[in-house]
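Asker: File name entry-v2.tsv; file contents TSV, C-alpha atoms; full text below.
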```tsv
chain	number	residue	atom	x	y	z
A	1	MET	CA	-16.36	-19.34	-15.28
A	2	SER	CA	-16.93	-18.19	-11.75
A	3	TYR	CA	-14.71	-15.94	-9.72
A	4	TYR	CA	-14.21	-15.22	-6.08
A	5	PHE	CA	-12.32	-12.04	-5.34
A	6	SER	CA	-11.08	-11.08	-1.90
A	7	ILE	CA	-8.91	-8.38	-0.40
A	8	ILE	CA	-6.79	-9.51	2.49
A	9	GLY	CA	-5.47	-6.96	4.97
A	10	THR	CA	-2.07	-6.93	6.56
A	11	ASN	CA	-3.32	-9.00	9.48
A	12	ASP	CA	-4.67	-11.69	7.13
A	13	LYS	CA	-8.29	-10.78	7.60
A	14	ALA	CA	-10.56	-10.40	4.63
A	15	LEU	CA	-11.48	-6.75	4.12
A	16	TYR	CA	-13.65	-7.28	1.11
A	17	GLU	CA	-15.23	-10.23	-0.70
A	18	HIS	CA	-16.96	-10.42	-4.01
A	19	GLU	CA	-18.27	-13.28	-6.10
A	20	PHE	CA	-19.05	-12.94	-9.74
A	21	GLY	CA	-19.17	-14.86	-12.96
A	22	THR	CA	-17.62	-14.23	-16.32
A	23	SER	CA	-19.15	-11.65	-18.57
A	24	LYS	CA	-17.25	-12.82	-21.63
A	25	GLN	CA	-18.69	-15.17	-24.23
A	26	GLY	CA	-22.26	-14.53	-23.26
A	27	GLY	CA	-21.74	-15.02	-19.53
A	28	ASP	CA	-24.25	-13.21	-17.37
A	29	GLY	CA	-21.85	-12.18	-14.62
A	30	ILE	CA	-23.38	-14.48	-12.02
A	31	ALA	CA	-21.15	-16.81	-10.05
A	32	ARG	CA	-21.95	-20.50	-10.44
A	33	PHE	CA	-19.50	-22.47	-8.43
A	34	PRO	CA	-19.70	-26.24	-8.72
A	35	THR	CA	-21.59	-27.49	-5.70
A	36	GLU	CA	-18.78	-29.78	-4.63
A	37	SER	CA	-16.32	-26.90	-4.34
A	38	ARG	CA	-18.81	-24.26	-3.24
A	39	HIS	CA	-18.05	-24.65	0.42
A	40	HIS	CA	-14.29	-24.46	0.26
A	41	ILE	CA	-13.52	-21.62	-2.12
A	42	GLN	CA	-12.74	-19.23	0.71
A	43	PHE	CA	-10.54	-21.83	2.27
A	44	VAL	CA	-8.63	-22.44	-0.94
A	45	SER	CA	-8.32	-18.73	-1.59
A	46	ASN	CA	-7.06	-17.94	1.88
A	47	SER	CA	-4.64	-20.84	1.94
A	48	SER	CA	-2.74	-19.17	-0.89
A	49	ILE	CA	-1.86	-16.26	1.40
A	50	ASP	CA	1.08	-18.39	2.49
A	51	ILE	CA	2.27	-18.62	-1.09
A	52	VAL	CA	1.90	-14.87	-1.59
A	53	GLU	CA	4.04	-14.26	1.46
A	54	GLU	CA	6.60	-16.70	0.19
A	55	ILE	CA	7.02	-15.09	-3.19
A	56	GLN	CA	6.47	-11.47	-2.28
A	57	TRP	CA	10.10	-11.10	-1.23
A	58	SER	CA	11.66	-12.89	-4.14
A	59	PRO	CA	12.35	-10.17	-6.65
A	60	THR	CA	12.39	-11.17	-10.28
A	61	THR	CA	15.20	-8.76	-10.97
A	62	PRO	CA	17.41	-8.79	-7.87
A	63	THR	CA	19.51	-5.80	-8.82
A	64	SER	CA	16.64	-3.35	-9.09
A	65	GLY	CA	15.36	-4.24	-5.65
A	66	GLY	CA	11.79	-3.94	-6.78
A	67	ALA	CA	9.17	-6.54	-7.48
A	68	PRO	CA	6.02	-6.31	-9.54
A	69	MET	CA	2.73	-6.07	-7.72
A	70	TYR	CA	1.03	-8.55	-9.98
A	71	LEU	CA	2.05	-12.05	-8.90
A	72	LYS	CA	0.19	-13.89	-11.68
A	73	HIS	CA	-1.07	-17.40	-11.15
A	74	ILE	CA	0.12	-18.58	-7.76
A	75	ASP	CA	-1.88	-21.56	-6.62
A	76	LYS	CA	-4.07	-24.40	-7.80
A	77	PHE	CA	-6.25	-26.72	-5.82
A	78	GLN	CA	-8.17	-29.35	-7.76
A	79	ASN	CA	-10.04	-27.29	-10.28
A	80	LEU	CA	-9.63	-23.92	-8.60
A	81	TYR	CA	-6.97	-21.46	-9.67
A	82	VAL	CA	-5.76	-18.51	-7.63
A	83	SER	CA	-4.06	-15.38	-8.93
A	84	GLY	CA	-2.56	-12.78	-6.65
A	85	PHE	CA	-1.65	-9.13	-6.51
A	86	ILE	CA	0.05	-7.31	-3.68
A	87	THR	CA	-0.12	-3.57	-3.13
A	88	GLY	CA	2.64	-1.33	-1.91
A	89	GLY	CA	1.06	-1.39	1.54
A	90	ASN	CA	1.15	-5.19	1.66
A	91	VAL	CA	-2.53	-5.70	1.12
A	92	LYS	CA	-3.25	-8.79	-0.93
A	93	PHE	CA	-5.78	-9.16	-3.70
A	94	LEU	CA	-6.71	-12.76	-4.44
A	95	LEU	CA	-8.77	-13.89	-7.37
A	96	LEU	CA	-9.97	-17.47	-7.38
A	97	THR	CA	-11.12	-18.81	-10.69
A	98	ALA	CA	-13.35	-21.83	-11.10
A	99	PRO	CA	-13.52	-22.77	-14.77
A	100	ALA	CA	-17.08	-23.58	-15.67
A	101	ALA	CA	-18.35	-26.98	-16.43
A	102	ALA	CA	-20.26	-26.87	-19.68
A	103	PRO	CA	-23.67	-25.26	-19.21
A	104	ALA	CA	-25.26	-28.53	-20.30
A	105	ALA	CA	-24.04	-30.11	-17.07
A	106	ARG	CA	-27.08	-28.66	-15.41
A	107	SER	CA	-29.46	-30.70	-17.48
A	108	SER	CA	-29.79	-34.19	-16.12
A	109	ALA	CA	-30.80	-35.69	-19.43
A	110	LEU	CA	-27.37	-35.01	-20.85
A	111	ALA	CA	-25.53	-35.94	-17.69
A	112	SER	CA	-23.22	-38.48	-19.28
A	113	SER	CA	-22.24	-36.34	-22.23
A	114	ALA	CA	-21.99	-33.31	-20.00
A	115	ARG	CA	-19.49	-35.08	-17.82
A	116	ALA	CA	-17.44	-35.81	-20.85
A	117	SER	CA	-17.60	-32.24	-22.04
A	118	ALA	CA	-16.93	-30.84	-18.60
A	119	TYR	CA	-13.44	-32.23	-18.62
A	120	PRO	CA	-12.16	-30.62	-21.77
A	121	SER	CA	-13.71	-27.29	-20.84
A	122	SER	CA	-11.98	-27.17	-17.50
A	123	SER	CA	-8.72	-28.52	-18.78
A	124	ASN	CA	-8.97	-25.93	-21.52
A	125	TYR	CA	-8.57	-23.24	-18.93
A	126	ASN	CA	-4.96	-22.26	-18.81
A	127	PRO	CA	-4.15	-19.79	-16.03
A	128	THR	CA	-0.78	-18.92	-17.51
A	129	ALA	CA	-2.02	-18.16	-21.01
A	130	PRO	CA	-0.95	-14.61	-21.93
A	131	ALA	CA	-4.52	-13.51	-22.61
A	132	THR	CA	-5.74	-14.78	-19.25
A	133	GLU	CA	-2.83	-13.22	-17.38
A	134	GLU	CA	-3.38	-9.93	-19.12
A	135	ALA	CA	-7.09	-9.91	-18.37
A	136	VAL	CA	-6.51	-10.68	-14.70
A	137	ARG	CA	-3.77	-8.07	-14.56
A	138	ASN	CA	-6.06	-5.43	-16.00
A	139	PHE	CA	-8.72	-6.38	-13.51
A	140	PHE	CA	-6.29	-6.07	-10.61
A	141	VAL	CA	-4.94	-2.74	-11.84
A	142	ASP	CA	-8.46	-1.32	-12.01
A	143	VAL	CA	-9.29	-2.58	-8.55
A	144	TYR	CA	-5.99	-1.22	-7.25
A	145	ASP	CA	-6.90	2.20	-8.56
A	146	ALA	CA	-10.18	2.08	-6.62
A	147	TRP	CA	-8.33	0.66	-3.63
A	148	VAL	CA	-5.85	3.53	-3.50
A	149	LYS	CA	-8.78	5.93	-3.58
A	150	THR	CA	-10.32	4.03	-0.69
A	151	ILE	CA	-7.26	4.26	1.50
A	152	MET	CA	-6.85	7.93	0.57
A	153	SER	CA	-10.03	8.62	2.46
A	154	PRO	CA	-9.11	10.27	5.75
A	155	PHE	CA	-11.81	8.22	7.43
A	156	TYR	CA	-10.27	4.94	6.44
A	157	THR	CA	-7.77	3.39	8.81
A	158	VAL	CA	-5.60	0.49	7.84
A	159	ASN	CA	-7.30	-2.93	7.90
A	160	ASP	CA	-10.82	-1.55	8.02
A	161	LYS	CA	-13.41	-3.49	6.09
A	162	VAL	CA	-14.45	-1.86	2.86
A	163	THR	CA	-18.19	-1.51	2.77
A	164	SER	CA	-18.65	1.24	0.22
A	165	PRO	CA	-21.22	0.28	-2.43
A	166	VAL	CA	-19.35	2.56	-4.80
A	167	PHE	CA	-16.24	0.44	-4.35
A	168	ARG	CA	-18.29	-2.68	-4.95
A	169	GLY	CA	-19.62	-1.09	-8.09
A	170	ARG	CA	-16.08	-0.36	-9.25
A	171	VAL	CA	-14.99	-3.95	-8.71
A	172	ALA	CA	-18.06	-5.23	-10.53
A	173	GLY	CA	-17.31	-2.83	-13.37
A	174	ALA	CA	-13.73	-4.03	-13.67
A	175	ALA	CA	-14.92	-7.64	-13.56
A	176	LYS	CA	-17.42	-7.01	-16.31
A	177	LYS	CA	-14.86	-5.26	-18.43
A	178	TYR	CA	-12.04	-7.79	-18.27
A	179	LEU	CA	-13.18	-11.17	-16.99
B	1	MET	CA	-25.55	0.67	-7.76
B	2	ALA	CA	-28.40	2.24	-5.86
B	3	ALA	CA	-27.55	4.36	-2.90
B	4	THR	CA	-28.07	2.39	0.25
B	5	PRO	CA	-29.28	4.07	3.39
B	6	GLY	CA	-26.37	5.38	5.32
B	7	LEU	CA	-24.32	6.32	2.30
B	8	ARG	CA	-24.22	10.01	1.69
B	9	TYR	CA	-23.07	11.46	-1.53
B	10	PRO	CA	-21.31	14.81	-1.49
B	11	SER	CA	-23.41	17.69	-2.79
B	12	ASN	CA	-21.58	17.67	-6.12
B	13	LYS	CA	-22.35	13.92	-6.50
B	14	LYS	CA	-18.68	13.15	-6.68
B	15	THR	CA	-17.46	10.43	-4.37
B	16	ILE	CA	-13.80	9.84	-3.69
B	17	TYR	CA	-13.93	7.17	-6.40
B	18	ASP	CA	-14.83	9.68	-9.07
B	19	ARG	CA	-11.70	11.68	-8.59
B	20	ASN	CA	-8.61	11.01	-10.58
B	21	LEU	CA	-5.62	9.92	-8.53
B	22	ASN	CA	-3.35	12.14	-10.58
B	23	ARG	CA	-5.54	15.17	-10.11
B	24	SER	CA	-3.37	16.80	-7.49
B	25	LYS	CA	-0.09	15.48	-8.87
B	26	ASN	CA	1.39	18.84	-9.68
B	27	ALA	CA	-0.80	20.89	-7.43
B	28	GLU	CA	1.03	22.95	-4.87
B	29	LEU	CA	-0.27	23.69	-1.46
B	30	SER	CA	-0.02	27.14	0.00
B	31	ARG	CA	2.83	27.27	2.44
B	32	ALA	CA	0.95	29.68	4.65
B	33	ALA	CA	-1.98	27.28	4.88
B	34	PHE	CA	0.34	24.45	5.80
B	35	ALA	CA	2.13	26.52	8.41
B	36	TYR	CA	-1.16	27.57	9.93
B	37	LEU	CA	-2.50	24.03	10.16
B	38	PHE	CA	0.79	22.66	11.38
B	39	VAL	CA	0.98	25.19	14.19
B	40	GLU	CA	-2.55	24.21	15.20
B	41	MET	CA	-1.54	20.55	15.18
B	42	ILE	CA	1.39	21.28	17.42
B	43	SER	CA	-0.58	23.33	19.89
B	44	TYR	CA	-3.31	20.67	19.90
B	45	ALA	CA	-0.71	18.04	20.71
B	46	GLN	CA	1.09	20.25	23.18
B	47	LYS	CA	-1.97	20.65	25.37
B	48	ARG	CA	-2.19	16.91	25.82
B	49	VAL	CA	1.34	15.87	26.56
B	50	LYS	CA	3.68	15.83	29.49
B	51	GLY	CA	7.09	16.31	27.96
B	52	ILE	CA	9.02	16.93	24.79
B	53	ALA	CA	9.46	13.24	24.00
B	54	ASP	CA	5.74	12.78	24.36
B	55	LEU	CA	5.07	15.70	22.08
B	56	GLU	CA	7.39	14.33	19.42
B	57	ARG	CA	5.74	10.94	19.72
B	58	ARG	CA	2.39	12.55	19.14
B	59	LEU	CA	3.56	14.44	16.09
B	60	ASN	CA	5.03	11.19	14.85
B	61	GLN	CA	1.67	9.48	15.23
B	62	GLN	CA	-0.01	12.22	13.26
B	63	GLY	CA	2.37	11.70	10.38
B	64	TYR	CA	2.23	7.91	10.36
B	65	PRO	CA	-1.10	7.37	8.53
B	66	LEU	CA	0.06	9.86	5.93
B	67	GLY	CA	3.02	7.65	5.15
B	68	LEU	CA	0.85	4.57	4.70
B	69	ARG	CA	-1.27	6.41	2.17
B	70	LEU	CA	1.51	8.17	0.33
B	71	LEU	CA	3.30	4.89	-0.25
B	72	ASP	CA	0.50	3.46	-2.37
B	73	LEU	CA	-0.39	6.79	-3.94
B	74	LEU	CA	3.14	7.49	-5.12
B	75	LEU	CA	3.63	3.93	-6.35
B	76	THR	CA	0.55	4.23	-8.55
B	77	ARG	CA	1.71	7.57	-9.86
B	78	ALA	CA	5.15	6.29	-10.78
B	79	SER	CA	5.43	5.61	-14.47
B	80	PRO	CA	4.41	2.00	-15.01
B	81	PRO	CA	5.33	-0.65	-14.26
B	82	SER	CA	5.31	0.36	-10.65
B	83	LEU	CA	7.46	-1.88	-8.51
B	84	ARG	CA	7.16	-2.53	-4.83
B	85	PRO	CA	10.43	-1.90	-3.05
B	86	THR	CA	11.71	-5.17	-1.62
B	87	ARG	CA	15.17	-4.09	-0.50
B	88	ILE	CA	16.21	-1.45	2.00
B	89	LEU	CA	18.12	0.75	-0.40
B	90	PRO	CA	15.37	1.14	-3.03
B	91	LEU	CA	12.93	1.87	-0.23
B	92	LEU	CA	15.17	4.60	1.18
B	93	GLN	CA	15.69	6.03	-2.27
B	94	PHE	CA	11.96	6.04	-2.75
B	95	ILE	CA	11.68	8.06	0.45
B	96	ALA	CA	14.56	10.41	-0.28
B	97	GLN	CA	13.57	11.04	-3.88
B	98	THR	CA	9.94	10.32	-4.67
B	99	LEU	CA	8.41	11.05	-1.29
B	100	TRP	CA	10.56	14.10	-0.64
B	101	ARG	CA	9.84	15.53	-4.07
B	102	HIS	CA	6.17	15.03	-3.53
B	103	LEU	CA	6.13	16.65	-0.11
B	104	PHE	CA	8.77	19.34	-0.46
B	105	SER	CA	9.41	19.62	-4.22
B	106	ARG	CA	13.06	18.67	-3.83
B	107	PRO	CA	15.00	15.54	-2.93
B	108	ALA	CA	16.43	14.98	0.52
B	109	ASP	CA	19.95	16.29	0.99
B	110	ALA	CA	21.82	13.18	2.02
B	111	LEU	CA	21.32	9.54	2.84
B	112	GLU	CA	23.83	7.69	4.96
B	113	LYS	CA	24.23	4.30	6.51
B	114	SER	CA	25.35	4.18	10.11
B	115	GLU	CA	28.83	2.76	10.55
B	116	SER	CA	28.24	1.49	14.04
B	117	ASP	CA	24.83	-0.10	13.63
B	118	PRO	CA	23.82	-1.93	10.45
B	119	ALA	CA	20.14	-1.38	11.24
B	120	GLN	CA	20.45	2.40	11.24
B	121	TYR	CA	20.16	4.75	8.32
B	122	MET	CA	20.31	8.51	8.36
B	123	LEU	CA	18.39	10.80	6.09
B	124	TYR	CA	19.44	14.43	6.13
B	125	ASP	CA	17.43	17.48	5.35
B	126	ASN	CA	19.27	20.79	5.51
B	127	ASP	CA	16.19	22.87	6.05
B	128	PRO	CA	13.03	20.90	6.77
B	129	LEU	CA	9.92	22.67	5.59
B	130	PRO	CA	7.81	22.03	8.71
B	131	ASN	CA	10.37	23.84	10.83
B	132	THR	CA	10.52	26.93	8.62
B	133	TYR	CA	8.20	29.06	10.72
B	134	ILE	CA	8.88	27.46	14.05
B	135	SER	CA	11.06	29.09	16.63
B	136	LEU	CA	11.70	27.12	19.73
B	137	PRO	CA	11.77	28.62	23.19
B	138	LYS	CA	14.99	27.92	25.07
B	139	GLU	CA	13.52	25.37	27.43
B	140	MET	CA	12.29	23.33	24.48
B	141	SER	CA	15.44	23.41	22.40
B	142	GLN	CA	15.48	19.60	22.12
B	143	LEU	CA	12.18	19.57	20.31
B	144	ASN	CA	12.24	19.05	16.59
B	145	CYS	CA	8.86	19.41	14.97
B	146	ALA	CA	10.08	17.49	11.95
B	147	ALA	CA	9.06	14.52	14.11
B	148	PHE	CA	5.92	14.82	12.01
B	149	VAL	CA	7.92	14.01	8.89
B	150	ALA	CA	9.65	11.21	10.78
B	151	GLY	CA	6.18	9.77	11.33
B	152	VAL	CA	5.51	9.92	7.61
B	153	ILE	CA	8.75	8.04	6.96
B	154	GLU	CA	7.84	5.46	9.55
B	155	GLY	CA	4.47	4.97	7.89
B	156	VAL	CA	6.08	4.38	4.51
B	157	CYS	CA	8.60	1.88	5.93
B	158	ASP	CA	5.99	0.03	7.92
B	159	GLY	CA	3.51	-0.08	5.08
B	160	ALA	CA	6.08	-1.44	2.68
B	161	GLY	CA	6.85	-4.30	5.08
B	162	PHE	CA	10.00	-2.84	6.61
B	163	PRO	CA	9.01	-2.42	10.25
B	164	THR	CA	11.19	-0.06	12.23
B	165	THR	CA	11.85	0.32	15.90
B	166	GLY	CA	11.20	3.98	15.31
B	167	VAL	CA	12.09	6.92	13.14
B	168	SER	CA	13.10	10.05	14.95
B	169	ALA	CA	14.12	13.54	13.98
B	170	HIS	CA	17.10	15.25	15.58
B	171	SER	CA	18.66	18.63	15.02
B	172	VAL	CA	22.19	18.16	13.81
B	173	GLY	CA	23.63	21.37	15.23
B	174	GLU	CA	22.72	20.49	18.77
B	175	GLN	CA	24.17	16.97	18.44
B	176	GLU	CA	27.56	18.09	17.24
B	177	GLY	CA	27.76	20.73	19.94
B	178	GLY	CA	27.49	23.84	17.84
B	179	GLY	CA	27.76	22.24	14.47
B	180	GLY	CA	30.89	23.49	12.72
B	181	VAL	CA	30.65	24.86	9.18
B	182	GLU	CA	27.66	22.71	8.28
B	183	GLY	CA	25.86	23.77	11.41
B	184	ARG	CA	26.38	27.44	10.72
B	185	MET	CA	25.33	27.21	7.12
B	186	TRP	CA	22.21	25.15	7.90
B	187	PRO	CA	21.09	25.95	11.42
B	188	GLY	CA	17.96	23.87	10.95
B	189	LYS	CA	19.69	20.83	9.55
B	190	THR	CA	17.85	17.75	10.68
B	191	VAL	CA	18.71	14.09	10.61
B	192	PHE	CA	16.03	11.45	10.44
B	193	LEU	CA	17.27	8.35	12.16
B	194	ILE	CA	15.68	5.23	10.71
B	195	CYS	CA	16.20	2.08	12.71
B	196	PHE	CA	14.99	-1.13	11.07
B	197	ARG	CA	14.02	-4.20	13.03
B	198	GLY	CA	16.11	-7.33	13.08
B	199	GLU	CA	13.85	-9.32	10.81
B	200	VAL	CA	14.21	-6.75	8.06
B	201	LEU	CA	18.00	-7.12	8.16
B	202	GLU	CA	17.73	-10.89	8.14
B	203	ARG	CA	15.52	-10.81	5.10
B	204	GLU	CA	17.82	-8.31	3.44
B	205	GLU	CA	20.71	-10.69	3.92
B	206	VAL	CA	18.78	-13.62	2.43
B	207	LEU	CA	17.74	-11.52	-0.56
B	208	GLY	CA	21.28	-10.27	-0.98
B	209	ARG	CA	22.59	-13.81	-1.14
B	210	GLY	CA	19.88	-14.75	-3.62
B	211	GLY	CA	20.92	-11.87	-5.83
B	212	SER	CA	24.61	-12.71	-5.96
B	213	GLY	CA	24.33	-16.49	-5.95
```
Take the structure in the file and give it back as structure tokens.

Answerer:
Amino acid sequence: MSYYFSIIGTNDKALYEHEFGTSKQGGDGIARFPTESRHHIQFVSNSSIDIVEEIQWSPTTPTSGGAPMYLKHIDKFQNLYVSGFITGGNVKFLLLTAPAAAPAARSSALASSARASAYPSSSNYNPTAPATEEAVRNFFVDVYDAWVKTIMSPFYTVNDKVTSPVFRGRVAGAAKKYL
Amino acid sequence: MAATPGLRYPSNKKTIYDRNLNRSKNAELSRAAFAYLFVEMISYAQKRVKGIADLERRLNQQGYPLGLRLLDLLLTRASPPSLRPTRILPLLQFIAQTLWRHLFSRPADALEKSESDPAQYMLYDNDPLPNTYISLPKEMSQLNCAAFVAGVIEGVCDGAGFPTTGVSAHSVGEQEGGGGVEGRMWPGKTVFLICFRGEVLEREEVLGRGGSG
């Protein structure tokens, strides 16, 4: 599976972007987006900002007046799934997941069988499965921790791009740990 | 990740990411140190302004980024699951309880809703800490240096998605013309006037209907 993670500031600009692949089940942590969707992952990811803004004010428990930060699976476009997280300061974390076609798809000799196997593997991916939700939640929580530390820096002003390699390392670490 | 040119590590090799967010949770800051820095902030601002309103605006601006940061910091420190406030009342309670406890080790003294204007809320503090060591000269009696705290409140509201038309600090005694019993007991009593924008009230109404219906 391949992931595209972005942090969207309060003025809808991307403050941070990161692509990575799964590290579970022998994955090597390198993003391999299908070529046909390669060029529109950012578009798909950013288009779900609208959905985040729609659901961010619909509290699950109206009486408490609070809503969870983790918004779970929020959007799907073709074979791309988007999960969202929103911080207290209204900064959005978006994680786009592209379930992998079977590795064999890369070998042309097995093209026909690969196509057949690509379908079950992608339809196998269930964004609302408890294990998946939990893994994504843990990832977001770890990134949020690093994010709060970032904004705590007196030299950071709201909606600045995050360029710290240490932050990037933290995100990569969280990705490796949970996804 | 290898250090790239331009990134400097502190001498103890600890970046901001290596520090625990809860490290300073129960740490207390010396009041003398705060008073000293705060006085410097005021005199810095005072040299660059024309009038009292300008000075208060400047103090407000100095507090604002603090509010943005404290919002996320205190939400992460809350016992999980931390919830984002989506309604006005929980947000104000967050300010009056969590924020106030963090800043001043005690909750705010009162929280009221304005009867005349539905967008206005009042948060009372009987003896605001920033004003403890500040004595105002006569010609500046309208100044309330708690404008700094008002800026913090504004930052929290704004960050949480509740934009305000402004949060201001006023001395209560002066407003009520001498104060009465309250005024005598708490000469420094300050009210923070929080005025939300129209869209916040509209959203509040929609959410309120969703909750009851």

Asker: With distances taken over all atoms listed in the file, which residue among A:Tyr144, A:Phe93, A:Tyr125, A:Tyr70 lies nearest Asp12 (chain A)?

Answerer: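 For Asp12 (chain A), the nearest of the candidates is A:Phe93.
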
Asker: Nearest residue to Val191 (chain B) out of B:Arg84, B:His102, B:His170, B:Lys14, using all atoms listed in the file?

Answerer: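 Ranked by minimum distance to Val191 (chain B), first place goes to B:His170.
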
Asker: Given all atoms listed in the file as the basis, pick out the residue of A:Thr128, A:Ser48, A:Thr150, A:Asn79 nearest to chain B.

Answerer: A:Thr150

Asker: Which neighbours of Val148 (chain A) fall inside 10 Å, counting all atoms listed in the file, when residues of the same chain fewer than 3 positions from it are skipped, and could you give them as a ChimeraX atom specification?

Answerer: /A:87-89,143-145,151-153 /B:17,21,69-76

Asker: Tell me as an MDAnalysis selection string which residues belonging to chain A come within 12 Å of chain B, counting all atoms listed in the file.

Answerer: chainID A and resid 9:10 53:71 85:91 137 141:159 163:173

Asker: Pick out the closest residue to Ala33 (chain B) from this set: B:Asp109, B:Cys195, B:Ile153, B:Tyr133. Count all atoms listed in the file.

Answerer: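 For Ala33 (chain B), the nearest of the given residues is B:Tyr133.
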
Asker: Pick from B:Leu193, B:Leu111, B:Leu55, B:Met140: nearest to Ile42 (chain B), with only C-alpha atoms counted?

Answerer: B:Leu55

Asker: Which residues are near Gly84 (chain A)? Cut-off 8 Å, all atoms listed in the file, ignore same chain within fewer than 5 positions. Put them as a VMD selection string.

Answerer: chain A and resid 52 70 to 74 92 to 95

Asker: Separation of CA of Asn138 (chain A) and CA of Ile30 (chain A), in Å?

Answerer: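 It comes out at 19.9 Å.
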
Asker: Looking at A:Leu179, A:Gln42, A:Ala100, A:Val162, which one is nearest to Glu133 (chain A), with distances taken over all atoms listed in the file?

Answerer: A:Leu179

Asker: Write out as an MDAnalysis selection string the residues lying within 10 Å of Leu103 (chain B), counting all atoms listed in the file and excluding same-chain residues fewer than 3 positions away.

Answerer: chainID B and resid 28:29 70 98:100 106:107 129 149

Asker: What does the distance between CA of Ala108 (chain B) and CA of Ala96 (chain B) come to in Å, to one decimal place?

Answerer: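 Result for CA of Ala108 (chain B) versus CA of Ala96 (chain B): 5.0 Å, one decimal.
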